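Chemist: Input: one structure, supplied below.
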Amino acid sequence: MTVRRDFKEPARSRPDLVIGREEPFTAAREQLGRGGSVLLHGPAGIGKSTVLRSLAADYARAARTVLRCSATESESHLPFLALADLLGLVLDEVSEKLPVAQRTALESALTGRGESTLQRDGLALRLAVLSALRALAAEGPVLVVADDVQWLDSASAELLGFAARRLGDTPVQVLYAVRTEGQEYDRHLLASPPDTLPVRLGPLSRAQVSALLDDRGYTGLPRSTVRDIHRTSGGNPLFALELGRALAENPTPPRPGEPLPVPTSLRALVLNRLGMLSCEARHTLLVASAGARPTLALLHAAGRESAEAETARAAELGLLATEPEGPAVRFAHPLISAALYAEASAQERRAAHAALSTAASDPIERARHLALATTGTDPEVAARLAQAAALARDRGAPSVAASLGLLAARHTPADSVPGPDDRRLQAAEDAITAGEVDLARDIAREVLTRATVPAERVRAWMVVIEAAGQALGEVDAVFPQVLADAGDDPRLLALVHYQLAWRALVVEGDFAEGREEAAHAADLAARAGDRRTELLALAFQAQAETLMGHPGAPATIKRALKEPQDPQVACHHNGAGSTRLRWLLMSDQLPEARSTVTALLREVQRRGMVESEVHFLRLLAETELRSGHCGRALDLARESLRLARDSGIGEVASAVLTSIAEASGGDVDRALALAREAVQHAEEDGDQIYMSRALAALGYVQLVAGDAQSTVVSLRRVRELEQGLRRAGAGTVTSRRRWCASVSRPRRRTSST
């Protein structure tokens, strides 16, 4: 018998569950499977009800009786209401099994046909609830499901707590969800059996927020927008979905650097306490919300003379988090800051930024606030923003540089030199470095709609091609257009032929053609005096020749390492340093490879070069894997995959290596899933090189899993793929087989030391 009371199973509760809740859900399931009870807790909107419904749906089938209630704040003053929800429909079944005094007290409390209070009938009522649960359990297992336990009326909470503490081995399990801030759930355990497991639901990661938005139909959002949603929502799924809905309903999406539209529902949720602040205090909080890292000193410098008292009052109201150590002014939740800023008028925002443009000590912050306080074009403001972007670039903050560059373009007059589109393209290139490929692509395509200057058009096309990553087949139609735009300019042609080298390798799987295109690009760049492109092309040529066993490889490597060097190319994942690293790995010079890749990784992290960071994390993981340090390799591979998925860069390559690392020192099932995912994505991207590597990895994992038949099938596909590659020489195939063999050798399972 299942009793459903005030509880409806939503059609979409199961798909939501798997998004970011696997670990707590598994813990809760295991506890319920052992016959125990579970208390889900976390802040409002964190997904407790979704998980509770999904768990209840799973375990309701195993219970004879399911008792449910869902309390509300508006009804929490009504005594015995939750108890009536839980036991009202089973009262007839159990009443005859209760002693007369208990039955009378319980019927009076649940039906209201008489007066019953805890003060007058306390012991009878307590024993009646305990007896009723025991009577139900005598017929079969009982599951008690209660949502929003924080709103249980005090009488029901007291009675349930009394019974729960005395159920002993009676087959009654409880599944509760309660809203808490921090870890303050202890008092709610009083209404649960002694063996209850508290399970906290925390914020979602950026990747999980992205998956949740996609699941709800808010697809196609740029990664930079998803990043803003994650930051503003604090990883809260309810807040993230509301922000996604507001974006979907907004006919004009915010430009990069602009705040997200905060829907009225969320503004009301987080700002209802603002009415208790003075007008001056609200303005102080607005200035704090406009600042990147607000402090009391900054607020004073911005003219907020009573900042201490006003922020103290805001902290009392829960708008600000108290910071006993340090001068920071921190909002209790990022959404409070976002809603406060969204609620202000444009004039109030500009005034706040104007005050901060002179108060901030950092030149980057001063320039940003000056731009946001200024309307229309202004060459002086644009120049200051461009200088600030250059400073951010030098500091290793390309994402900040991209944002400042777009602001600079917005304030640049059309007839200026450099012009607004030149600054937009610089912002796009900074976005590529920062791993924000969606933003970069959007900027470049916007510039292409109006650009007529060949140099600007080729530069924009290069961004579009770079943003495609390994999926170069998707931009195949671009190459004839960009060649036409390049004309006979050797500098522009060098850029194009360098990308054609990558196309030959990735799309065609043709090392020989890739080498020829790279050599041609290097010669063109040398004629044009473009040392950066020359170095990148030489590095590509050297790597291709090394893999092919070409006799000219040593001479090309020597040319690629010749001075002068470009500092950014020197640590770039496609630079000569990376080529040398690959050679060290192939020749099993592992200690030197480790020190080399560690230095490269440190440098690209300092510069904020996200794609290179993904690449070198992967190569460091490969180095550790070859050294037999499987634990360390697995940690590095997982970090590379996390960053790759977060940025949308190098996902296939990182999935390939992580699958091998998982098979060598982690979870074989996870390894199989990753290898299959890599094969699927490489096939979708038309990536011939990583299709071969993904299949080789899949074969290795299948071998570790003991599936010899599938191993043979996968490795046969590798052989067929390599034999079918157009104009692939014997040296190329040999080198690839060496790679495949290297991942198939048994690895020693050692610690990560």
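By convention in this document, the chains of the structure tokens carry letters A, B, ... by their order, each chain's residues are numbered from 1, and ligands are numbered from 1 in the order they are shown.
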Would you list the contacts of stretch 608-612 of chain A as a VMD selection string, taking every protein, DNA or RNA residue within 7 Å and counting only C-alpha atoms, but skipping same-chain residues closer than 3 positions in sequence?
Modeler: chain A and resid 396 to 398 433 to 435 572 to 573 604 to 605 615 to 616 649
Chemist: I need the residues in stretch 341-557 of chain A that are helix (DSSP H, G or I) according to DSSP; give them as a PyMOL selection string.
Modeler: chain A and resi 341-343+346-359+363-373+379-394+398-410+420-433+437-448+454-468+472-475+478-486+490-506+511-528+531-548+553-557
Chemist: Just checking: using only C-alpha atoms, which residue out of A:Ser233, A:Leu86, A:Glu365, A:Leu320 ends up closest to A:Gly291?
Modeler: A:Glu365
Chemist: Env of A:Leu299: 10 Å cut, atoms = only C-alpha atoms, seq-sep filter 4 positions within chain, self excluded. Answer as an MDAnalysis selection string.
Modeler: chainID A and resid 284:285 287:288 291 294:295 303:308 329 355:356 359:360
Chemist: Go ahead and write the selection's residues with N, CA, C and O atoms as an mmCIF file, in the first residue's frame.
Modeler:
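Output file part.cif follows:
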data_model
loop_
_atom_site.group_PDB
_atom_site.id
_atom_site.type_symbol
_atom_site.label_atom_id
_atom_site.label_comp_id
_atom_site.auth_asym_id
_atom_site.auth_seq_id
_atom_site.Cartn_x
_atom_site.Cartn_y
_atom_site.Cartn_z
ATOM 1 N N THR A 284 25.738 52.773 -0.910
ATOM 2 C CA THR A 284 27.054 52.218 -0.559
ATOM 3 C C THR A 284 27.179 50.786 -1.064
ATOM 4 O O THR A 284 28.217 50.388 -1.615
ATOM 5 N N LEU A 285 26.107 50.007 -0.900
ATOM 6 C CA LEU A 285 26.136 48.633 -1.399
ATOM 7 C C LEU A 285 26.200 48.596 -2.929
ATOM 8 O O LEU A 285 26.829 47.706 -3.509
ATOM 9 N N VAL A 287 27.780 50.768 -4.812
ATOM 10 C CA VAL A 287 29.183 51.019 -5.142
ATOM 11 C C VAL A 287 29.997 49.745 -4.915
ATOM 12 O O VAL A 287 30.869 49.390 -5.720
ATOM 13 N N ALA A 288 29.715 49.037 -3.824
ATOM 14 C CA ALA A 288 30.428 47.784 -3.555
ATOM 15 C C ALA A 288 30.143 46.751 -4.642
ATOM 16 O O ALA A 288 31.037 46.008 -5.059
ATOM 17 N N GLY A 291 32.246 47.347 -7.731
ATOM 18 C CA GLY A 291 33.683 47.144 -7.595
ATOM 19 C C GLY A 291 34.064 45.685 -7.773
ATOM 20 O O GLY A 291 33.295 44.782 -7.464
ATOM 21 N N PRO A 294 35.758 44.980 -3.581
ATOM 22 C CA PRO A 294 35.463 46.115 -2.703
ATOM 23 C C PRO A 294 36.023 45.923 -1.297
ATOM 24 O O PRO A 294 36.010 44.825 -0.747
ATOM 25 N N THR A 295 36.542 46.990 -0.746
ATOM 26 C CA THR A 295 37.013 47.027 0.642
ATOM 27 C C THR A 295 36.449 48.285 1.279
ATOM 28 O O THR A 295 35.956 49.194 0.592
ATOM 29 N N GLY A 303 33.910 58.048 -1.592
ATOM 30 C CA GLY A 303 33.013 59.036 -1.003
ATOM 31 C C GLY A 303 31.967 58.484 -0.065
ATOM 32 O O GLY A 303 31.091 59.228 0.384
ATOM 33 N N ARG A 304 32.042 57.198 0.279
ATOM 34 C CA ARG A 304 31.053 56.614 1.190
ATOM 35 C C ARG A 304 31.599 56.709 2.613
ATOM 36 O O ARG A 304 32.252 55.805 3.141
ATOM 37 N N GLU A 305 31.338 57.845 3.255
ATOM 38 C CA GLU A 305 31.956 58.177 4.534
ATOM 39 C C GLU A 305 31.481 57.289 5.679
ATOM 40 O O GLU A 305 32.218 57.070 6.645
ATOM 41 N N SER A 306 30.261 56.774 5.602
ATOM 42 C CA SER A 306 29.718 55.951 6.694
ATOM 43 C C SER A 306 29.724 54.471 6.328
ATOM 44 O O SER A 306 28.841 53.705 6.734
ATOM 45 N N ALA A 307 30.727 54.051 5.563
ATOM 46 C CA ALA A 307 30.755 52.687 5.031
ATOM 47 C C ALA A 307 30.746 51.639 6.134
ATOM 48 O O ALA A 307 30.081 50.601 6.008
ATOM 49 N N GLU A 308 31.487 51.868 7.247
ATOM 50 C CA GLU A 308 31.552 50.856 8.308
ATOM 51 C C GLU A 308 30.175 50.558 8.886
ATOM 52 O O GLU A 308 29.746 49.407 8.970
ATOM 53 N N VAL A 329 34.856 43.526 1.607
ATOM 54 C CA VAL A 329 33.401 43.630 1.732
ATOM 55 C C VAL A 329 32.828 42.583 0.783
ATOM 56 O O VAL A 329 32.927 42.718 -0.436
ATOM 57 N N ALA A 355 32.691 57.257 -9.402
ATOM 58 C CA ALA A 355 33.361 57.367 -8.102
ATOM 59 C C ALA A 355 34.512 56.377 -7.997
ATOM 60 O O ALA A 355 35.596 56.702 -7.497
ATOM 61 N N LEU A 356 34.316 55.166 -8.506
ATOM 62 C CA LEU A 356 35.354 54.147 -8.430
ATOM 63 C C LEU A 356 36.491 54.398 -9.409
ATOM 64 O O LEU A 356 37.613 53.920 -9.199
ATOM 65 N N ALA A 359 38.771 56.266 -7.315
ATOM 66 C CA ALA A 359 39.077 55.662 -6.013
ATOM 67 C C ALA A 359 39.950 54.421 -6.141
ATOM 68 O O ALA A 359 40.777 54.137 -5.265
ATOM 69 N N ALA A 360 39.787 53.659 -7.212
ATOM 70 C CA ALA A 360 40.526 52.401 -7.360
ATOM 71 C C ALA A 360 42.019 52.676 -7.509
ATOM 72 O O ALA A 360 42.426 53.635 -8.175
#
Chemist: Name the closest residue to A:His411 among the candidates A:Thr658, A:Thr546, A:Thr377, A:Thr252; distances are taken between atoms, counting only C-alpha atoms.
Modeler: A:Thr377
